[in-house]
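Student: Provided herewith: final_10.txt, compact mmCIF, C-alpha atoms.
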```txt
# COMPACT_ATOMS: atom_id res chain seq x y z
CA MET O 1 0.00 0.00 0.00
CA GLY O 2 2.78 2.40 0.93
CA CYS O 3 4.67 1.76 -2.32
CA THR O 4 1.53 2.26 -4.42
CA SER O 5 0.68 5.58 -2.79
CA SER O 6 4.27 6.74 -3.28
CA VAL O 7 4.11 6.03 -7.00
CA TYR O 8 0.96 8.09 -7.39
CA ALA O 9 2.41 10.89 -5.26
CA VAL O 10 5.31 11.32 -7.69
CA GLY O 11 2.94 12.13 -10.54
CA ARG O 12 0.85 14.54 -8.51
CA LYS O 13 1.14 18.12 -9.70
CA LYS O 14 2.51 20.63 -7.25
CA LYS O 15 0.09 23.45 -6.52
CA LEU O 16 1.26 26.65 -8.17
CA SER O 17 1.78 29.44 -5.67
CA ILE O 18 1.86 32.99 -7.02
CA PRO O 19 3.30 35.39 -4.43
CA GLU O 20 1.64 38.65 -3.53
CA MET O 21 3.74 41.82 -3.53
CA VAL O 22 2.96 45.17 -1.95
CA MET O 23 6.52 46.50 -1.66
CA PHE O 24 8.73 45.77 -4.66
CA VAL O 25 11.48 43.39 -3.51
CA PRO O 26 14.07 42.43 -6.15
CA SER O 27 15.41 38.89 -6.24
CA MET O 28 17.88 38.23 -3.43
CA ARG O 29 21.45 37.12 -3.97
CA ILE O 30 23.10 34.91 -1.38
CA PRO O 31 26.73 33.78 -1.02
CA VAL O 32 27.84 30.40 -2.33
CA GLN O 33 29.55 28.21 0.26
CA SER O 34 33.30 28.26 -0.24
CA ASP O 35 36.57 27.75 1.60
CA LEU O 36 38.16 31.09 2.47
CA GLN O 37 40.88 29.79 4.80
CA ARG O 38 43.31 28.78 2.06
CA PRO O 39 43.20 31.97 -0.06
CA LEU O 40 43.27 34.17 3.08
CA ARG O 41 46.49 32.57 4.33
CA GLY O 42 49.23 35.14 4.28
CA LEU O 43 46.79 38.04 4.54
CA ILE O 44 45.37 37.50 8.03
CA SER O 45 45.76 35.11 10.94
CA LYS O 46 44.35 31.58 10.73
CA ASP O 47 41.88 32.24 13.58
CA LEU O 48 40.51 35.30 11.83
CA ALA O 49 40.26 33.48 8.50
CA ASP O 50 38.34 30.70 10.25
CA ARG O 51 35.95 33.23 11.75
CA LEU O 52 35.31 34.94 8.41
CA SER O 53 34.72 31.63 6.67
CA SER O 54 32.45 30.40 9.46
CA LEU O 55 30.29 33.55 9.41
CA ARG O 56 29.98 33.49 5.63
CA ASN O 57 28.96 29.84 5.63
CA GLN O 58 26.40 30.56 8.37
CA ILE O 59 24.81 33.11 6.03
CA VAL O 60 24.69 30.49 3.28
CA LEU O 61 23.10 27.82 5.48
CA VAL O 62 20.46 30.08 7.04
CA ALA O 63 19.54 31.63 3.67
CA GLU O 64 19.28 28.28 1.90
CA ASP O 65 17.40 26.52 4.70
CA THR O 66 14.81 29.28 5.12
CA GLY O 67 14.68 30.78 1.63
CA GLY O 68 15.66 34.12 3.15
CA SER O 69 12.68 34.21 5.52
CA ALA O 70 14.76 34.09 8.75
CA ILE O 71 15.30 37.84 8.51
CA THR O 72 16.33 38.49 12.12
CA GLU O 73 18.90 35.69 12.18
CA LEU O 74 20.29 36.59 8.76
CA ARG O 75 20.59 40.25 9.68
CA ARG O 76 22.49 39.39 12.85
CA VAL O 77 25.03 37.20 11.05
CA LEU O 78 25.38 39.66 8.15
CA GLU O 79 26.13 42.54 10.52
CA GLU O 80 28.70 40.44 12.39
CA TYR O 81 30.30 39.33 9.12
CA LEU O 82 30.34 42.92 7.85
CA SER O 83 32.14 44.17 10.95
CA VAL O 84 34.93 41.64 10.40
CA LEU O 85 35.00 41.90 6.61
CA ILE O 86 35.46 45.67 6.53
CA CYS O 87 39.21 45.62 7.19
CA LEU O 88 39.86 43.30 4.24
CA THR O 89 39.26 46.29 1.98
CA LYS O 90 42.64 47.59 3.17
CA LYS O 91 44.40 44.40 2.06
CA ASP O 92 45.77 43.42 -1.35
CA ASP O 93 42.87 42.82 -3.71
CA GLY O 94 42.25 40.39 -6.53
CA LEU O 95 43.49 37.30 -4.69
CA ILE O 96 40.24 35.90 -3.31
CA GLU O 97 37.16 35.08 -5.35
CA PHE O 98 33.74 35.62 -3.78
CA LYS O 99 30.83 33.70 -5.28
CA TRP O 100 27.18 34.72 -5.03
CA ARG O 101 24.06 33.32 -6.63
CA ASN O 102 20.47 34.26 -7.21
CA LEU O 103 18.31 32.72 -4.46
CA GLU O 104 15.43 31.96 -6.82
CA HIS O 105 17.53 30.91 -9.82
CA GLY O 106 20.47 29.10 -8.27
CA ARG O 107 22.37 28.59 -11.52
CA GLN O 108 22.89 32.32 -12.04
CA GLU O 109 26.19 32.69 -10.23
CA ILE O 110 28.64 35.55 -10.21
CA CYS O 111 32.25 35.26 -9.09
CA VAL O 112 34.34 38.39 -8.45
CA ALA O 113 37.79 38.70 -6.88
CA ASN O 114 37.25 41.98 -5.07
CA PHE O 115 36.66 42.73 -1.38
CA TRP O 116 34.51 45.77 -2.17
CA PHE O 117 32.23 43.57 -4.28
CA GLU O 118 31.76 41.27 -1.27
CA LEU O 119 30.95 44.29 0.88
CA LEU O 120 28.47 45.55 -1.75
CA SER O 121 26.79 42.14 -1.94
CA VAL O 122 26.41 41.91 1.84
CA LEU O 123 24.91 45.38 2.20
CA HIS O 124 22.60 44.81 -0.78
CA LEU O 125 21.31 41.60 0.83
CA MET O 126 20.68 43.51 4.07
CA ALA O 127 18.63 46.04 2.10
CA MET O 128 16.60 43.32 0.36
CA LEU O 129 15.88 41.59 3.68
CA THR O 130 14.68 44.89 5.12
CA LEU O 131 12.41 45.47 2.12
CA SER O 132 11.08 41.93 2.47
CA GLU O 133 10.29 42.57 6.14
CA ALA O 134 8.42 45.78 5.23
CA ASP O 135 6.49 43.88 2.56
CA SER O 136 5.45 41.19 5.04
CA LEU O 137 4.13 43.84 7.43
CA MET O 138 1.89 45.19 4.68
CA ILE O 139 0.48 41.73 3.83
CA PRO O 140 -1.35 40.58 6.97
CA LYS O 141 -2.53 37.04 7.32
CA ASP O 142 -6.29 36.37 7.23
CA PRO O 143 -6.75 33.34 9.50
CA THR O 144 -10.55 33.49 9.24
CA GLY O 145 -10.57 33.33 5.45
CA SER O 146 -13.09 36.18 5.36
CA GLY O 147 -11.02 38.20 2.91
CA LEU O 148 -10.91 41.12 5.35
CA ARG O 149 -7.31 42.09 6.01
CA VAL O 150 -6.49 44.99 8.25
CA VAL O 151 -3.00 46.45 8.60
CA SER O 152 -2.61 48.30 11.86
CA SER O 153 -1.26 51.85 11.95
CA ASP O 154 1.68 50.61 14.04
CA CYS O 155 2.60 48.09 11.33
CA LYS O 156 2.40 50.80 8.68
CA ARG O 157 4.67 53.10 10.66
CA GLU O 158 7.10 50.27 11.29
CA ALA O 159 7.09 49.51 7.54
CA ILE O 160 7.96 53.17 6.83
CA ASP O 161 10.91 52.95 9.24
CA LEU O 162 12.11 49.79 7.50
CA LEU O 163 11.83 51.43 4.07
CA LEU O 164 13.96 54.35 5.25
CA LYS O 165 16.51 51.89 6.64
CA ALA O 166 16.62 49.95 3.34
CA SER O 167 17.04 53.22 1.44
CA GLY O 168 19.97 54.06 3.73
CA TYR O 169 21.67 50.73 2.99
CA LEU O 170 21.32 51.30 -0.76
CA ASP O 171 22.48 54.90 -0.46
CA CYS O 172 25.60 53.67 1.35
CA CYS O 173 26.22 51.16 -1.46
CA ILE O 174 26.32 54.03 -3.95
CA ARG O 175 28.13 56.57 -1.78
CA ASP O 176 30.75 54.50 0.07
CA ILE O 177 31.22 51.19 -1.76
CA LEU O 178 30.53 51.36 -5.49
CA VAL O 179 33.05 54.17 -5.93
CA HIS O 180 35.87 51.81 -4.87
CA ILE O 181 35.09 49.08 -7.40
CA PRO O 182 37.22 49.24 -10.59
CA PHE O 183 35.41 50.06 -13.82
CA ASP O 184 36.21 46.70 -15.46
CA ILE O 185 34.57 44.90 -12.52
CA LYS O 186 31.57 47.24 -12.49
CA LYS O 187 30.80 46.22 -16.07
CA ARG O 188 30.45 42.59 -14.94
CA LEU O 189 28.21 43.28 -11.96
CA PRO O 190 24.56 42.13 -11.99
CA LYS O 191 22.13 44.67 -13.39
CA SER O 192 20.64 45.21 -9.94
CA PHE O 193 24.08 46.36 -8.73
CA GLN O 194 24.48 49.03 -11.40
CA PRO O 195 24.46 52.63 -10.08
CA GLY O 196 21.18 53.54 -11.82
CA ALA O 197 19.37 50.48 -10.45
CA LEU O 198 20.67 51.03 -6.91
CA GLU O 199 19.70 54.70 -6.95
CA ALA O 200 16.27 53.87 -8.41
CA MET O 201 15.63 51.37 -5.59
CA SER O 202 16.82 53.81 -2.93
CA ILE O 203 14.52 56.59 -4.20
CA GLN O 204 11.63 54.22 -4.88
CA THR O 205 11.59 53.00 -1.29
CA LEU O 206 11.09 56.62 -0.19
CA GLY O 207 8.16 56.83 -2.60
CA GLN O 208 6.66 53.71 -1.10
CA GLY O 209 7.08 55.17 2.38
CA THR O 210 5.26 58.30 1.22
CA GLU O 211 2.51 56.11 -0.23
CA ILE O 212 1.95 54.59 3.21
CA GLN O 213 1.96 58.07 4.77
CA LEU O 214 -0.72 59.18 2.30
CA GLY O 215 -2.84 56.17 3.26
CA LEU O 216 -2.51 57.10 6.93
CA ALA O 217 -3.51 60.69 6.11
CA VAL O 218 -6.61 59.50 4.22
CA GLU O 219 -7.63 57.41 7.24
CA SER O 220 -7.09 60.33 9.61
CA GLN O 221 -9.89 62.81 10.30
CA ASN O 222 -7.35 65.50 11.14
CA ALA O 223 -5.39 65.46 7.87
CA THR O 224 -6.26 68.39 5.61
CA LEU O 225 -6.60 68.36 1.83
CA SER O 226 -3.37 70.34 1.63
CA VAL O 227 -1.49 67.60 3.51
CA LYS O 228 -2.93 64.89 1.28
CA ARG O 229 -2.07 66.83 -1.88
CA ARG O 230 1.47 67.46 -0.67
CA LEU O 231 2.03 63.77 0.08
CA ALA O 232 0.60 62.72 -3.30
CA CYS O 233 2.83 65.24 -5.11
CA GLU O 234 5.90 64.09 -3.15
CA GLN O 235 5.13 60.47 -3.99
CA LEU O 236 4.88 61.45 -7.65
CA VAL O 237 8.31 63.12 -7.57
CA TYR O 238 9.96 60.11 -5.93
CA PHE O 239 8.65 57.70 -8.56
CA SER O 240 9.48 60.15 -11.35
CA GLN O 241 13.09 60.33 -10.10
CA ALA O 242 13.26 56.54 -9.75
CA TYR O 243 12.02 56.17 -13.33
CA GLN O 244 14.73 58.52 -14.59
CA CYS O 245 17.43 56.55 -12.75
CA LEU O 246 16.25 53.16 -13.97
CA SER O 247 15.90 54.45 -17.54
CA GLU O 248 19.71 54.53 -17.68
CA CYS O 249 19.78 50.73 -17.22
CA ASP O 250 18.85 47.81 -19.45
CA THR O 251 15.24 47.01 -18.52
CA ASP O 252 14.23 44.85 -21.47
CA ARG O 253 13.91 41.61 -19.50
CA GLY O 254 14.09 39.88 -16.14
CA TYR O 255 13.60 41.58 -12.80
CA GLU O 256 14.69 44.91 -14.30
CA LYS O 257 11.67 44.84 -16.65
CA LYS O 258 9.36 44.02 -13.74
CA HIS O 259 10.99 46.74 -11.67
CA MET O 260 10.30 49.33 -14.38
CA SER O 261 6.70 48.10 -14.65
CA PHE O 262 6.26 48.60 -10.90
CA ILE O 263 7.61 52.16 -11.05
CA LYS O 264 5.31 53.04 -13.98
CA TRP O 265 2.32 51.64 -12.07
CA LYS O 266 3.07 53.61 -8.92
CA PHE O 267 3.93 56.74 -10.92
CA LEU O 268 0.48 56.69 -12.55
CA GLU O 269 -1.29 56.03 -9.24
CA SER O 270 0.49 58.89 -7.49
CA LYS O 271 -0.17 61.27 -10.40
CA ALA O 272 -3.87 60.39 -10.31
CA ALA O 273 -3.96 61.06 -6.56
CA ALA O 274 -2.06 64.35 -6.94
CA TYR O 275 -4.46 65.70 -9.58
CA TYR O 276 -7.49 64.55 -7.60
CA TYR O 277 -6.47 66.39 -4.43
CA HIS O 278 -5.28 69.40 -6.41
CA GLY O 279 -8.69 69.51 -8.09
CA LEU O 280 -10.49 69.42 -4.73
CA ILE O 281 -8.50 72.43 -3.53
CA LEU O 282 -9.01 74.38 -6.77
CA ASP O 283 -12.73 73.66 -6.64
CA LYS O 284 -12.96 75.64 -3.40
CA GLY O 285 -12.29 78.83 -5.37
CA SER O 286 -15.15 81.15 -6.32
CA GLU O 287 -14.05 82.04 -9.85
CA PRO O 288 -15.42 80.04 -12.85
CA SER O 289 -11.83 79.40 -13.94
CA CYS O 290 -11.20 77.58 -10.64
CA HIS O 291 -14.07 75.15 -11.29
CA VAL O 292 -12.97 74.59 -14.88
CA SER O 293 -9.41 73.83 -13.76
CA ALA O 294 -10.76 71.53 -11.05
CA VAL O 295 -12.83 69.53 -13.56
CA CYS O 296 -9.76 69.22 -15.80
CA CYS O 297 -7.88 67.79 -12.82
CA PHE O 298 -10.66 65.31 -12.00
CA LEU O 299 -10.91 64.10 -15.60
CA ALA O 300 -7.12 63.73 -15.80
CA ALA O 301 -7.13 61.78 -12.52
CA GLU O 302 -9.81 59.45 -13.89
CA GLU O 303 -7.81 58.77 -17.05
CA LEU O 304 -4.61 58.21 -15.08
CA LEU O 305 -6.43 55.81 -12.78
CA LEU O 306 -7.49 53.71 -15.78
CA GLU O 307 -3.91 53.72 -17.06
CA SER O 308 -2.65 52.67 -13.63
CA LYS O 309 -4.95 49.63 -13.66
CA ARG O 310 -3.44 48.54 -16.97
CA ALA O 311 0.06 49.20 -15.61
CA CYS O 312 -0.73 47.08 -12.54
CA LEU O 313 -1.73 44.19 -14.79
CA SER O 314 1.48 44.56 -16.82
CA PHE O 315 3.50 44.50 -13.59
CA CYS O 316 1.78 41.36 -12.30
CA LEU O 317 2.26 39.51 -15.60
CA ALA O 318 5.92 40.50 -16.00
CA SER O 319 8.22 37.63 -15.02
CA PRO O 320 8.28 36.45 -12.30
CA VAL O 321 4.47 36.52 -12.12
CA THR O 322 3.03 38.04 -8.93
CA ARG O 323 -0.40 38.89 -7.54
CA SER O 324 -1.40 42.46 -6.81
CA PRO O 325 -2.70 42.96 -3.28
CA PRO O 326 -6.29 44.04 -2.56
CA LEU O 327 -6.71 47.79 -2.75
CA TRP O 328 -5.17 49.42 0.29
CA GLY O 329 -4.23 52.83 1.62
CA ALA O 330 -5.20 55.89 -0.40
CA MET O 331 -6.00 53.85 -3.53
CA LYS O 332 -8.72 51.92 -1.70
CA HIS O 333 -10.47 55.26 -1.24
CA LEU O 334 -9.53 56.88 -4.56
CA HIS O 335 -10.58 54.02 -6.83
CA GLN O 336 -14.13 54.82 -5.76
CA LYS O 337 -13.94 58.59 -5.26
CA ILE O 338 -12.12 59.67 -8.43
CA PRO O 339 -14.72 58.32 -10.91
CA GLU O 340 -17.57 59.57 -8.75
CA VAL O 341 -16.21 63.09 -8.36
CA ALA O 342 -15.10 63.34 -12.01
CA SER O 343 -18.60 62.39 -13.20
CA ARG O 344 -20.45 64.64 -10.76
CA LYS O 345 -18.28 67.72 -11.24
CA SER O 346 -18.15 67.46 -15.04
CA GLN O 347 -21.97 67.39 -15.07
CA MET O 348 -22.21 70.19 -12.54
CA TYR O 349 -19.86 72.49 -14.44
CA GLY O 350 -20.57 71.25 -17.96
CA TYR O 351 -21.93 74.65 -18.97
CA LEU O 352 -18.72 76.32 -17.80
CA LEU O 353 -16.64 73.91 -19.83
CA GLU O 354 -18.61 74.94 -22.90
CA GLN O 355 -18.35 78.66 -22.14
CA GLU O 356 -14.72 78.71 -21.05
CA LYS O 357 -13.12 76.46 -23.64
CA ALA O 358 -10.01 78.63 -23.63
CA LEU O 359 -9.48 77.74 -19.96
CA GLN O 360 -9.63 73.98 -20.52
CA ALA O 361 -5.96 73.37 -19.80
CA LEU O 362 -4.61 70.99 -17.20
CA PRO O 363 -3.03 73.10 -14.45
CA GLU O 364 0.48 72.38 -13.23
CA LEU O 365 0.86 70.57 -9.95
CA PRO O 366 2.52 72.47 -7.11
CA GLU O 367 6.07 71.58 -6.07
CA PHE O 368 7.00 70.69 -2.52
CA GLN O 369 10.22 69.97 -0.68
CA LEU O 370 10.57 66.22 -0.26
CA SER O 371 10.06 65.07 3.33
CA LEU O 372 11.52 61.58 3.53
CA ARG O 373 15.28 60.96 3.47
CA PRO O 374 17.23 57.70 3.66
CA GLU O 375 18.17 56.70 7.20
CA GLU O 376 21.88 57.40 7.21
CA TYR O 377 23.97 54.25 7.42
CA GLN O 378 27.69 54.23 8.02
CA LEU O 379 29.89 51.21 7.44
CA PRO O 380 30.84 49.67 10.80
CA GLU O 381 34.06 50.48 12.57
CA ILE O 382 36.81 47.91 12.33
CA ASP O 383 36.26 45.10 14.83
CA SER O 384 39.07 45.89 17.27
CA SER O 385 38.92 42.45 18.91
CA SER O 386 39.51 40.77 15.55
CA TRP O 387 41.87 43.26 13.98
CA SER O 388 44.36 43.73 16.80
CA SER O 389 47.96 44.08 15.73
CA GLU O 390 48.74 40.44 16.31
CA ASN O 391 45.72 39.29 14.33
CA CYS O 392 45.82 41.82 11.54
CA GLU O 393 49.39 41.14 10.50
CA ALA O 394 49.91 37.71 9.03
CA GLN O 395 53.11 36.19 10.33
CA SER O 396 55.66 35.10 7.77
CA GLN O 397 55.95 31.33 7.42
CA THR O 398 59.01 29.24 6.91
CA LEU O 399 58.90 26.53 4.25
CA LYS O 400 58.65 23.87 6.97
CA GLU O 401 55.69 25.67 8.62
CA HIS O 402 53.94 26.04 5.29
CA LEU O 403 54.37 22.32 4.56
CA ASN O 404 53.08 21.47 8.03
CA ASP O 405 49.99 23.59 7.38
CA SER O 406 49.43 21.80 4.09
CA ASP O 407 49.73 18.42 5.83
CA TYR O 408 47.23 19.58 8.44
CA GLU O 409 44.73 20.58 5.76
CA THR O 410 45.16 17.27 3.96
CA SER O 411 44.54 15.31 7.15
CA GLU O 412 41.34 17.28 7.72
```
Take the structure in the file and give it back as structure tokens.
Tutor:
Amino acid sequence: MGCTSSVYAVGRKKKLSIPEMVMFVPSMRIPVQSDLQRPLRGLISKDLADRLSSLRNQIVLVAEDTGGSAITELRRVLEEYLSVLICLTKKDDGLIEFKWRNLEHGRQEICVANFWFELLSVLHLMAMLTLSEADSLMIPKDPTGSGLRVVSSDCKREAIDLLLKASGYLDCCIRDILVHIPFDIKKRLPKSFQPGALEAMSIQTLGQGTEIQLGLAVESQNATLSVKRRLACEQLVYFSQAYQCLSECDTDRGYEKKHMSFIKWKFLESKAAAYYYHGLILDKGSEPSCHVSAVCCFLAAEELLLESKRACLSFCLASPVTRSPPLWGAMKHLHQKIPEVASRKSQMYGYLLEQEKALQALPELPEFQLSLRPEEYQLPEIDSSSWSSENCEAQSQTLKEHLNDSDYETSE
């Protein structure tokens, strides 16, 4: 009986699971397990080389065993590894190869002999883990199966803090690490490590934080129209800047294409929101021109909302396929309000539109100083316990000592 059931189990199709994505999280890259002790000999002490190798292999094991979901544990080991790794950037370069691979597509490996590349890869993984944690906070579980999913205000604020932290990691990659990597190595880096892609992700996370802020403002009875308009306009600027940065990169396929689709979707949503709230404020004026301009804003918002729905579908279908979340935040409100207000106001002021055809021009949106900034991140100080004078300087070996070390490795 057991053998028969096993045979049928082999042919059973695995249920396809399409992940849901609120925050855009690029594919993670994790280190490939490797022996660092041998290539590090002569650069640092054996104890320190063992510690570096052990920490790196811990990252590999935790990431592979959990698929990157053990965020707290991974972050702890990555920070410890980073604090020890930092001093290697002062050593001779090009002697040790560091291998990393795509977590979802394991065959896509990259191997670079450069300490700054290893540092870049570690900090990029820390940023992706932080984005993943923010995404999980915005996708609450629905244990009752009722379809009603509520994200608490505390979770939203925590997600904003995480987005600012992730933006800080990425900003540090651009500011303090990428500048040290030689041009010939930069050309071989993954597309997600290119300056334009890193800057786009850093700015985009600020836009996503502003999107959550706008949702909180919509839910608040104390938030004024001016505050909502400002947040919508700021969100629009962030995604516009991110689009400009990513346009410098190759986005014809893969995660880069999906990334661009996400930015276009959010750009259209934020522009629709900005025109809607701008229209509401203009409509408070007493002049006929104010009402005409307001209607132009509402009609533009309605058209942008339709475009955003198509952009959302394009994003979801771009490889790898994902599910869009249920409407949340400001869009949950605006998907209903924008069509309603556009229809009602265009009927109400239809006669003005006919009389004041010369005024039927879409007004410019106001400009505001951007509020959110990346949380500043500085590379850790050199681990003094590991990089003391006796540890940092590798002792010269006699031929006999070197042969003894080789015999020791062989016996292991």
Student: Any idea what's packed within 9 Å of Asp171 in chain O, counting only C-alpha atoms, ignoring anything in its chain fewer than 6 positions away? Could you give it as a PyMOL selection string?
Tutor: chain O and resi 198-199+202-203+374-377
Student: Set out as JSON lines a contact list for range 203-319 of chain O and range 329-332 of chain O with a cut-off of 9 Å, giving each residue of range 203-319 of chain O that qualifies its closest atom pair and distance in Å to one decimal, counting all atoms listed in the file, ordered by chain and rising residue number.
Tutor:
```
{"residue": "O:Glu211", "atom": "CA", "partner": "O:Ala330", "partner_atom": "CA", "distance": 7.7}
{"residue": "O:Ile212", "atom": "CA", "partner": "O:Gly329", "partner_atom": "CA", "distance": 6.6}
{"residue": "O:Gln213", "atom": "CA", "partner": "O:Gly329", "partner_atom": "CA", "distance": 8.7}
{"residue": "O:Leu214", "atom": "CA", "partner": "O:Ala330", "partner_atom": "CA", "distance": 6.2}
{"residue": "O:Gly215", "atom": "CA", "partner": "O:Gly329", "partner_atom": "CA", "distance": 4.0}
{"residue": "O:Leu216", "atom": "CA", "partner": "O:Gly329", "partner_atom": "CA", "distance": 7.0}
{"residue": "O:Ala217", "atom": "CA", "partner": "O:Ala330", "partner_atom": "CA", "distance": 8.3}
{"residue": "O:Val218", "atom": "CA", "partner": "O:Ala330", "partner_atom": "CA", "distance": 6.0}
{"residue": "O:Glu219", "atom": "CA", "partner": "O:Gly329", "partner_atom": "CA", "distance": 8.0}
{"residue": "O:Glu269", "atom": "CA", "partner": "O:Met331", "partner_atom": "CA", "distance": 7.7}
{"residue": "O:Ala273", "atom": "CA", "partner": "O:Met331", "partner_atom": "CA", "distance": 8.1}
```
Student: Let me make sure I understand: among O:Arg75, O:Lys284, O:Lys271, O:Arg101, which one has the smallest atom-to-atom distance to Val237 in chain O if we use all atoms listed in the file?
Tutor: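 Closest residue, counting all atoms listed in the file: O:Lys271.
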Student: Taking (26.8, 43.6, -0.9) in the file's own coordinates, collect the residues within 10 Å, counting all atoms listed in the file, and hand them back as an MDAnalysis selection string.
Tutor: chainID O and resid 29:31 78 82 100 115:127 169:170 173 177:178 193
Student: When you draw a straight line from CA of Leu268 in chain O to CA of Leu305 in chain O, how long is it in Å?
Tutor: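 Those two atoms sit 7.0 Å apart.
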Student: Which residues are near Phe262 in chain O? Cut-off 9 Å, all atoms listed in the file, ignore same chain within fewer than 6 positions. Put them as a PyMOL selection string.
Tutor: chain O and resi 24+311-312+314-316
Student: Kindly give the distance, in Å, that separates CA of Ser152 in chain O and CA of Tyr276 in chain O, rounded to a single decimal.
Tutor: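 Result for CA of Ser152 in chain O versus CA of Tyr276 in chain O: 25.8 Å, one decimal.
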Student: Just how far from CA of Met21 in chain O is CA of Asp154 in chain O, in Å to one decimal?
Tutor: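 We find that CA of Asp154 in chain O and CA of Met21 in chain O lie 19.8 Å from each other.
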Student: Might you pull out every residue within 12 Å of Leu55 in chain O, with all atoms listed in the file counted and same-chain residues fewer than 5 positions away left off, and present them as a list of chain:residue names?
Tutor: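 Final neighbour list, sorted by chain and number: O:Pro31, O:Gln33, O:Ser34, O:Asp35, O:Leu36, O:Leu48, O:Ala49, O:Asp50, O:Val60, O:Leu61, O:Val62, O:Glu73, O:Leu74, O:Arg75, O:Arg76, O:Val77, O:Leu78, O:Glu79, O:Glu80, O:Tyr81, O:Leu82, O:Ser83, O:Val84, O:Leu85, O:Val122.
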Student: Which residue is closest to Met128 in chain O? Choose from O:Leu103, O:Ile263, O:Leu40, O:Leu236 and count only C-alpha atoms.
Tutor: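 Result for the nearest residue to Met128 in chain O: O:Leu103.
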Student: May I ask which of the residues O:Ser45, O:Asp184, O:Arg253, O:Leu163 is the closest one to Gln208 in chain O, counting all atoms listed in the file?
Tutor: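 Going through O:Ser45, O:Asp184, O:Arg253, O:Leu163 one by one, the smallest distance to Gln208 in chain O is for O:Leu163.
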Student: Given 3 Å of margin on each side, can you work out the centre and size in Å (one decimal) of an axis-aligned box holding every listed atom of range 242-258 of chain O, as AutoDock Vina command-line options?
Tutor:
```
--center_x 14.6 --center_y 49.2 --center_z -15.6 --size_x 16.4 --size_y 24.6 --size_z 17.7
```
Student: Could you check which of O:Met23, O:Arg175, O:Gln244, O:Gly168 is closest to Lys156 in chain O, using only C-alpha atoms?
Tutor: O:Met23
